[in-house]
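Asker: Quick one: the structure is below, questions incoming.
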Amino acid sequence: MSTFVDRRLSGKNRSAVNRQRFLRRFKGQIRRAVTEAVSGRKVADLERGEKISIPAKDLSEPVFHHGPGGRRTIVHPGNKEFVTGDRIDRPEDGGGQGGGGGSPDGEGLDEFVFELTKEEFMNYFFEDLALPDMVKKQLSAVPEVKKVRAGFVSQGNPSNLHVVRSMKQALGRRLAMAAGPRERLLEAEAALAELEAKGVGDSAEAVELREEIAALKQRVAAVPFLDTWDLRYAHRIDQPQPTSQAVMFCIMDVSGSMDQERKDIAKRFFMLLYLFLTKSYEKIDLVFIRHHTVAKEVDEEDFFSSRETGGTVVSSALELMRDIIRSRYPSGAWNIYAAQASDGDNWEDDSPRCRELLVNDILPLVQYYAYVEIQAEQPQSLWHQYEYVKSVNRNFAMQRILGLEDIYPVFRELFRKKVTA
Amino acid sequence: MSVQTPGTDVPPIPTPTASAPVEDVGHGSQVIRRQYLSEGSEWTFDLLRTYDQEIGRVAAHYGLDTYPNQIEVITSEQMIDAYSSVGMPVGYHHWSFGKQFMATQKSYKRGQMGLAYEIVINSNPCIAYLMEENTLTMQALVIAHASYGHNSFFKGNYLFRTWTDAEGILDYLVFARNFVAECEERHGEEAVEEILDSCHALMNYGVDRYKRPARLSMAKEQARQREREAYLQSQVNLLWRTLPPKEAAEQAKKDERFPPEPQENLLYFIEKNAPRLEPWQRELVRIVRKIAQYFYPQRQTQVMNEGWATFWHYTLLNHLYEEGKLSDGFMLEFLQSHTNVVYQPPYYSRAYSGINPYALGFNMFRDIRRICEAPTEEDRRWFPDIAGADWVKTLDFAMRNFKDESFIAQYLSPHLIREMKLFAVVDDDQEEQLEIAAIHDEAGYRIIRQLLADQYNLGNREPNIQVWHVDVYGDRALTLRHYMHNRRPLGESTPEMLRHVARLWGYDVRLESVDESGKVELVGECLV
């Protein structure tokens, strides 16, 4: 005799532990793969799971096996041309008749590809950046929602039971269910009263009526006072918190001294700010401004890949930013954030101009302005001017960066503000 | 597509009625009363029960002896879970299962691979999984295939009867998982993982080929485990103790070999003799070894087991169709799946990846039935014992008393060799070219049969490696010997494998290859 068991609702995700074991064991390789994946992504494209591939040889499970060589005899099916004693050339790379060898669909066998969830991916990303745990948690949290009332439903949990609604429902049902018998009851009572008035209160007809009246009363009484389908529950749904829009300016020096490594650090810096913003704003515009002696608004690809030579005039970028804000992002309607990355070089006479631009024109309009100086040898004039800016403005942050772990402190202020808000 | 009829010796069996449409179909002069068990492809638990009952009835009619069935309906996610724990319903935790899981999940999501229709576990009751997404036809196929085909094989085949204990396995797996978890708590996940890694690497060398294993059961295991820990440790300590022995006895002892005979079960040898293992580590070795032993028969009977199950799902469902219980639509869907399962691409096809065990096994069982029912003159010459015999009994005997290797050597017929157009290729690294050793002709039948049987001999497929010597009074080094077969060398994983052996043994490990002329050569060593 067979037993049937429905297991569909039990024991999902039995492999979750084993999966974690796997991730733990190959942490090093996965982190490397994540780093590579990040550099291949766009700034706004960070928050999703990723296919990660690590070399399959790192995670092989070896067994003793035969190597090539020696004498082997293999039986194959489907002979169409050979007779005993035929000699044939060795097939190249085992395809076709040699059997074995070579995966037919061309999938690379030397890479093990798997997917990380968004959370896992973000964890590896954060690890490099040395973020405090609380920040990590906040960044990977789903956008906040608020419970709002949304009418009544017939199913719910007992704590949401709506008594008034349920009683109302019960009342209606009782009326409806008892209506028929009650009407008939009235009729019967009237008829009985009539008979009694006639003085034939104990005739067979009257007895029958009395019985019927008793039965009807019982039926009316049997209508339940409260039934399961009377129950009504307050319905609450998740409503996303109202969000507003923001624009993020990425400003980067692309003069000759910004090499690929510095650009990668800058990219992480921009990505992190972007992540912060996605937690507070639903719609975020990105504006990329690159500059050497002149500034230019470009798309993301150009922003990270192009490289030019020549001197550096930072104020050109700040002016362009100011103009863009004026023409496209009125500060009443947009929350404006800016992130600037540079190696600290600037034309000596230009730095005071930058200071003025920032203090007078830009900082009053923006929520937060973050500046990083990447792997600069000596603090230069721009740094000194910016230090002054920082001393008079609370929404300005700056940091000298040698490695990825230095990025986060730039945002410390920004984050603190968010917590208190 | 034509529906083959199963034997004509099947008497009609009165059927319990099921609420289903009835139609009378004119069939020449004969009228078959058709009463389908169901129409449409959606399954319900009631329908599954009906099908199981019917299939079980027909299976009993053919004398299939099975464990009671426990049929579990699961989701595809759970199926991937089941996959990745190599079919163990309860498994201890290990990263390799996670790797398997991720690989399966990925290729399933990308549509590169469908999940197997079924996973069936050699236990009593016999647990089979049905996937919720499958159609009713597929569920019926799986019930016939797993719950009656595999199930009867598990219960009947001599290897399973000797090597595995269907009653005790679930208990034992629970014990193993708890024990591993306990060790992780006491000694850390990494320490446990190291030992398990090394044991997994040696899993194929953790089986007794000749001794019968003791019965497993959780109660006994638990009670004996502590006892064993203490006892084993004392044994090992005696073996390695360093108190100066008496002179004469010492000399005598030095002349003794240890082990006196080469040992083929590496994990067993390590469990009992490795000098540096802690008691809990020995128990881990034992657990992996027991599980290897449990799966050993499955590795030796792939062709037979799958062939048997495939033969019976085909035969049982056809029988039901003959009784008029299955609609044509049902049969078409069934036959399409069945044909895919038993398809054997020829060697020149891009889809070819060796002989399909389902195809070979199915063809052989069907061929045996053919030889019993309609033997040709050739069959009478080759199989005088079974030509014309009762096919149900003959098949039953074949299922019970063979493994792949001997099954092929015994039953592969010239007829089937011709049908599958089998041929043998010799690949000798001392020759410029490959040579065709035999094809499907009179001169080749016996050669092909022998070569194909050899191909399924696990002893030939895996390198033959045995414990040769332990230098008990010297540096305690362990020497393994690889007995070469047809001059085939070891693969490139050898150094890594020796590291695994050394991790368990705790002292130096050497590996020597012995070729067929008896020449010994050191092929690797791992010094700790």
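Please note that chains go A, B, ... in the order of the structure tokens, that every chain numbers its residues from 1, and that ligands are numbered from 1 in the order shown.
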Against chain B, which residues of chain A fall within 7 Å? For each one I want the closest pair of atoms and the distance in Å (one decimal), counting only C-alpha atoms, rows by chain and increasing residue number, as a tab-separated table.

Answerer:
```
residue	atom	partner	partner_atom	distance
A:Met1	CA	B:Pro68	CA	5.8
A:Ser2	CA	B:Asn69	CA	4.5
A:Thr3	CA	B:Gln70	CA	4.7
A:Phe4	CA	B:Ile71	CA	4.8
A:Val5	CA	B:Glu72	CA	4.6
A:Asp6	CA	B:Val73	CA	5.0
A:Arg7	CA	B:Ile74	CA	5.3
A:Arg8	CA	B:Ile74	CA	4.6
A:Lys12	CA	B:Gln78	CA	6.0
A:Arg14	CA	B:Asp81	CA	6.1
A:Ser15	CA	B:Asp81	CA	5.7
A:Val17	CA	B:His93	CA	6.9
A:Asn18	CA	B:Gly98	CA	4.2
A:Arg19	CA	B:Gly98	CA	4.0
A:Arg21	CA	B:Trp95	CA	4.7
A:Phe22	CA	B:Trp95	CA	4.3
A:Glu61	CA	B:Ala201	CA	6.6
A:Pro62	CA	B:Ala201	CA	5.7
A:Val63	CA	B:Ala201	CA	5.1
A:Phe64	CA	B:Thr494	CA	6.3
A:His65	CA	B:Gly491	CA	5.3
A:His66	CA	B:Leu490	CA	4.4
A:Gly67	CA	B:Gly491	CA	3.6
A:Gly69	CA	B:Asp429	CA	5.4
A:Gly70	CA	B:Arg488	CA	4.1
A:Arg71	CA	B:Asp428	CA	4.2
A:Arg72	CA	B:Asp427	CA	5.1
A:Thr73	CA	B:Val426	CA	4.4
A:Ile74	CA	B:Val425	CA	5.4
A:Val75	CA	B:Ala424	CA	4.2
A:His76	CA	B:Phe423	CA	5.5
A:Pro77	CA	B:Leu422	CA	4.4
A:Gly78	CA	B:Pro346	CA	4.3
A:Asn79	CA	B:Lys421	CA	5.1
A:Val83	CA	B:Ile439	CA	6.3
A:Thr84	CA	B:Ala438	CA	5.0
A:Gly85	CA	B:Ile436	CA	5.2
A:Asp86	CA	B:Ile436	CA	5.3
A:Arg87	CA	B:Glu435	CA	4.6
A:Ile88	CA	B:Leu434	CA	5.3
A:Asp89	CA	B:Gln433	CA	4.9
A:Arg90	CA	B:Gln433	CA	6.0
A:Gly96	CA	B:Tyr348	CA	4.8
A:Gln97	CA	B:Tyr347	CA	5.2
A:Gly99	CA	B:Ser353	CA	5.9
A:Gly100	CA	B:Ser353	CA	5.9
A:Pro104	CA	B:Arg350	CA	6.6
A:Phe114	CA	B:Met102	CA	6.1
```

Asker: Quick one: DSSP helix (DSSP H, G or I) residues in segment 343-405 of chain A, as a list of chain:residue names?

Answerer: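 The helix (DSSP H, G or I) subset of segment 343-405 of chain A is A:Asp350, A:Ser351, A:Pro352, A:Arg353, A:Cys354, A:Arg355, A:Glu356, A:Leu357, A:Leu358, A:Val359, A:Asn360, A:Asp361, A:Ile362, A:Ser381, A:Leu382, A:Trp383, A:His384, A:Gln385, A:Tyr386, A:Glu387, A:Tyr388, A:Val389, A:Lys390, A:Ser391, A:Val392, A:Leu404, A:Glu405.
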
Asker: Please list as a short mmCIF file (atom, residue, chain, number, x, y, z; two decimals) with N, CA and C atoms, in the first residue's frame every residue within 8 Å of segment 258-269 of chain B, counting only C-alpha atoms and excluding residues in the same chain fewer than 2 positions away.

Answerer:
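Written file, out21.cif:
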```
data_model
loop_
_atom_site.label_atom_id
_atom_site.label_comp_id
_atom_site.auth_asym_id
_atom_site.auth_seq_id
_atom_site.Cartn_x
_atom_site.Cartn_y
_atom_site.Cartn_z
N CYS B 199 37.86 12.72 3.20
CA CYS B 199 37.10 11.47 3.12
C CYS B 199 36.32 11.39 1.81
N LEU B 202 38.29 10.22 -0.97
CA LEU B 202 38.61 8.79 -0.96
C LEU B 202 37.37 7.89 -0.94
N MET B 203 36.21 8.53 -1.15
CA MET B 203 34.95 7.81 -0.99
C MET B 203 34.90 6.51 -1.80
N TYR B 205 37.17 4.64 -2.42
CA TYR B 205 38.04 3.62 -1.84
C TYR B 205 37.62 3.33 -0.40
N GLY B 206 36.33 3.51 -0.16
CA GLY B 206 35.83 3.27 1.19
C GLY B 206 34.86 2.11 1.23
N VAL B 207 34.96 1.21 0.26
CA VAL B 207 33.99 0.11 0.23
C VAL B 207 34.67 -1.24 0.41
N ASP B 208 33.97 -2.09 1.11
CA ASP B 208 34.38 -3.49 1.20
C ASP B 208 33.79 -4.18 0.00
N GLU B 256 57.66 -8.69 10.49
CA GLU B 256 56.25 -8.79 10.12
C GLU B 256 55.86 -7.61 9.26
N GLU B 271 40.53 4.52 9.20
CA GLU B 271 39.71 4.62 10.41
C GLU B 271 40.30 3.78 11.54
N LYS B 272 40.75 2.58 11.19
CA LYS B 272 41.22 1.68 12.24
C LYS B 272 42.66 1.95 12.64
N ASN B 273 43.48 2.47 11.73
CA ASN B 273 44.91 2.47 12.01
C ASN B 273 45.61 3.82 11.98
N ALA B 274 44.94 4.87 11.44
CA ALA B 274 45.67 6.13 11.35
C ALA B 274 46.09 6.58 12.74
N VAL B 285 35.25 9.58 9.49
CA VAL B 285 35.72 8.70 8.41
C VAL B 285 34.73 7.56 8.25
N ARG B 286 34.30 7.03 9.37
CA ARG B 286 33.40 5.89 9.35
C ARG B 286 32.06 6.26 8.69
N ARG B 289 32.45 6.46 5.03
CA ARG B 289 32.66 5.12 4.53
C ARG B 289 31.35 4.34 4.46
N ILE B 465 43.93 0.91 -6.29
CA ILE B 465 44.92 1.41 -5.35
C ILE B 465 44.69 0.75 -4.00
N GLN B 466 45.75 0.22 -3.40
CA GLN B 466 45.60 -0.49 -2.14
C GLN B 466 46.69 -0.07 -1.15
N VAL B 467 46.38 -0.29 0.11
CA VAL B 467 47.38 -0.02 1.14
C VAL B 467 48.40 -1.15 1.07
N TRP B 468 49.67 -0.78 0.90
CA TRP B 468 50.68 -1.82 0.73
C TRP B 468 51.48 -2.02 2.01
N HIS B 469 51.89 -0.92 2.62
CA HIS B 469 52.83 -1.09 3.72
C HIS B 469 52.82 0.14 4.63
N VAL B 470 52.97 -0.13 5.92
CA VAL B 470 53.17 0.97 6.86
C VAL B 470 54.48 0.72 7.59
N ASP B 471 55.32 1.72 7.63
CA ASP B 471 56.60 1.57 8.29
C ASP B 471 56.40 1.79 9.79
N VAL B 472 55.92 0.74 10.46
CA VAL B 472 55.48 0.89 11.84
C VAL B 472 56.62 1.31 12.75
#
```

Asker: May I ask which of the residues A:Thr35, A:Lys168, A:Ala16, A:Tyr368 is the closest one to Phe276 of chain A, counting only C-alpha atoms?

Answerer: A:Tyr368

Asker: Taking 5 positions as the minimum chain separation for residues in the same chain, which residues sit within 12 Å of Cys250 of chain A when counting only C-alpha atoms? Answer as a PDB file with C-alpha atoms, in the first residue's frame.

Answerer:
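Written out: out-v4.pdb:
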```
ATOM      1  CA  VAL A  43      27.248  53.587 -11.102  1.00  0.00           C
ATOM      2  CA  ALA A  44      23.493  53.221 -10.907  1.00  0.00           C
ATOM      3  CA  ALA A 266      36.621  57.268  -7.815  1.00  0.00           C
ATOM      4  CA  LYS A 267      34.013  54.974  -9.277  1.00  0.00           C
ATOM      5  CA  ARG A 268      33.512  53.202  -5.959  1.00  0.00           C
ATOM      6  CA  PHE A 269      33.169  56.576  -4.361  1.00  0.00           C
ATOM      7  CA  PHE A 270      30.431  57.592  -6.776  1.00  0.00           C
ATOM      8  CA  MET A 271      28.717  54.235  -6.417  1.00  0.00           C
ATOM      9  CA  LEU A 272      28.572  54.522  -2.681  1.00  0.00           C
ATOM     10  CA  LEU A 273      27.038  57.970  -2.764  1.00  0.00           C
ATOM     11  CA  TYR A 274      24.551  56.708  -5.276  1.00  0.00           C
ATOM     12  CA  ASP A 285      19.291  61.704 -11.984  1.00  0.00           C
ATOM     13  CA  LEU A 286      22.953  61.317 -12.621  1.00  0.00           C
ATOM     14  CA  VAL A 287      25.003  64.100 -14.193  1.00  0.00           C
ATOM     15  CA  PHE A 288      28.576  63.359 -15.158  1.00  0.00           C
ATOM     16  CA  ILE A 289      30.964  66.234 -15.562  1.00  0.00           C
ATOM     17  CA  ARG A 290      34.556  65.657 -16.480  1.00  0.00           C
ATOM     18  CA  HIS A 291      37.139  68.303 -16.724  1.00  0.00           C
ATOM     19  CA  LYS A 296      32.120  68.985 -20.319  1.00  0.00           C
ATOM     20  CA  GLU A 297      28.988  67.042 -19.520  1.00  0.00           C
ATOM     21  CA  VAL A 298      29.354  63.466 -20.778  1.00  0.00           C
ATOM     22  CA  ASP A 299      27.673  60.102 -20.494  1.00  0.00           C
ATOM     23  CA  GLU A 300      28.859  57.503 -18.038  1.00  0.00           C
ATOM     24  CA  PHE A 303      33.207  59.636 -18.025  1.00  0.00           C
ATOM     25  CA  PHE A 304      35.121  56.606 -16.837  1.00  0.00           C
ATOM     26  CA  ALA A 317      33.589  72.065 -13.735  1.00  0.00           C
ATOM     27  CA  LEU A 318      32.041  73.952 -10.847  1.00  0.00           C
ATOM     28  CA  LEU A 320      29.276  74.061 -15.461  1.00  0.00           C
ATOM     29  CA  MET A 321      27.594  72.411 -12.526  1.00  0.00           C
ATOM     30  CA  ILE A 336      21.071  68.060  -5.118  1.00  0.00           C
ATOM     31  CA  TYR A 337      24.146  66.040  -4.203  1.00  0.00           C
ATOM     32  CA  ALA A 338      27.598  66.345  -5.590  1.00  0.00           C
ATOM     33  CA  ALA A 339      30.656  64.145  -5.489  1.00  0.00           C
ATOM     34  CA  GLN A 340      33.968  65.326  -6.763  1.00  0.00           C
ATOM     35  CA  ALA A 341      37.036  63.204  -7.290  1.00  0.00           C
ATOM     36  CA  SER A 342      40.431  64.475  -8.225  1.00  0.00           C
ATOM     37  CA  TYR A 369      29.021  67.986  -1.336  1.00  0.00           C
ATOM     38  CA  ALA A 370      31.690  65.344  -0.975  1.00  0.00           C
ATOM     39  CA  TYR A 371      35.221  65.730  -2.200  1.00  0.00           C
ATOM     40  CA  VAL A 372      37.921  63.089  -2.352  1.00  0.00           C
TER      41      VAL A 372
END
```

Asker: May I have all residues of segment 170-358 of chain A that DSSP, computed from the backbone, assigns to strand (DSSP E), given as a PyMOL selection string?

Answerer: chain A and resi 233-240+244-253+281-291+295-298+335-342

Asker: Could you write those residues out with C-alpha atoms, as a CSV table (one decimal), in the first residue's frame?

Answerer:
```csv
chain,number,residue,atom,x,y,z
A,233,TYR,CA,-11.0,42.3,9.6
A,234,ALA,CA,-9.4,45.7,9.2
A,235,HIS,CA,-7.3,45.5,6.1
A,236,ARG,CA,-3.9,47.2,6.1
A,237,ILE,CA,-1.6,47.4,3.1
A,238,ASP,CA,2.0,48.5,2.7
A,239,GLN,CA,2.3,51.9,1.2
A,240,PRO,CA,5.8,53.0,0.2
A,244,SER,CA,11.1,62.7,-3.8
A,245,GLN,CA,13.7,63.2,-6.5
A,246,ALA,CA,17.3,63.9,-6.4
A,247,VAL,CA,20.1,64.6,-8.7
A,248,MET,CA,23.7,63.5,-8.2
A,249,PHE,CA,26.6,65.3,-9.9
A,250,CYS,CA,29.7,63.3,-10.4
A,251,ILE,CA,32.7,65.5,-11.1
A,252,MET,CA,36.0,64.0,-12.0
A,253,ASP,CA,39.3,65.3,-13.1
A,281,TYR,CA,14.9,59.0,-3.2
A,282,GLU,CA,13.0,57.1,-5.7
A,283,LYS,CA,14.2,59.0,-8.7
A,284,ILE,CA,17.8,59.9,-9.1
A,285,ASP,CA,19.3,61.7,-12.0
A,286,LEU,CA,23.0,61.3,-12.6
A,287,VAL,CA,25.0,64.1,-14.2
A,288,PHE,CA,28.6,63.4,-15.2
A,289,ILE,CA,31.0,66.2,-15.6
A,290,ARG,CA,34.6,65.7,-16.5
A,291,HIS,CA,37.1,68.3,-16.7
A,295,ALA,CA,34.6,71.0,-18.3
A,296,LYS,CA,32.1,69.0,-20.3
A,297,GLU,CA,29.0,67.0,-19.5
A,298,VAL,CA,29.4,63.5,-20.8
A,335,ASN,CA,17.6,67.5,-3.8
A,336,ILE,CA,21.1,68.1,-5.1
A,337,TYR,CA,24.1,66.0,-4.2
A,338,ALA,CA,27.6,66.3,-5.6
A,339,ALA,CA,30.7,64.1,-5.5
A,340,GLN,CA,34.0,65.3,-6.8
A,341,ALA,CA,37.0,63.2,-7.3
A,342,SER,CA,40.4,64.5,-8.2
```

Asker: State, in Å with one decimal place, the distance from atom CA of Ala56 of chain A to atom CA of Val113 of chain A.

Answerer: 8.6 Å

Asker: As an exercise, work out the distance from atom CA of Asp202 of chain A to atom CA of Gln218 of chain A in Å and give it to one decimal place.

Answerer: 22.0 Å
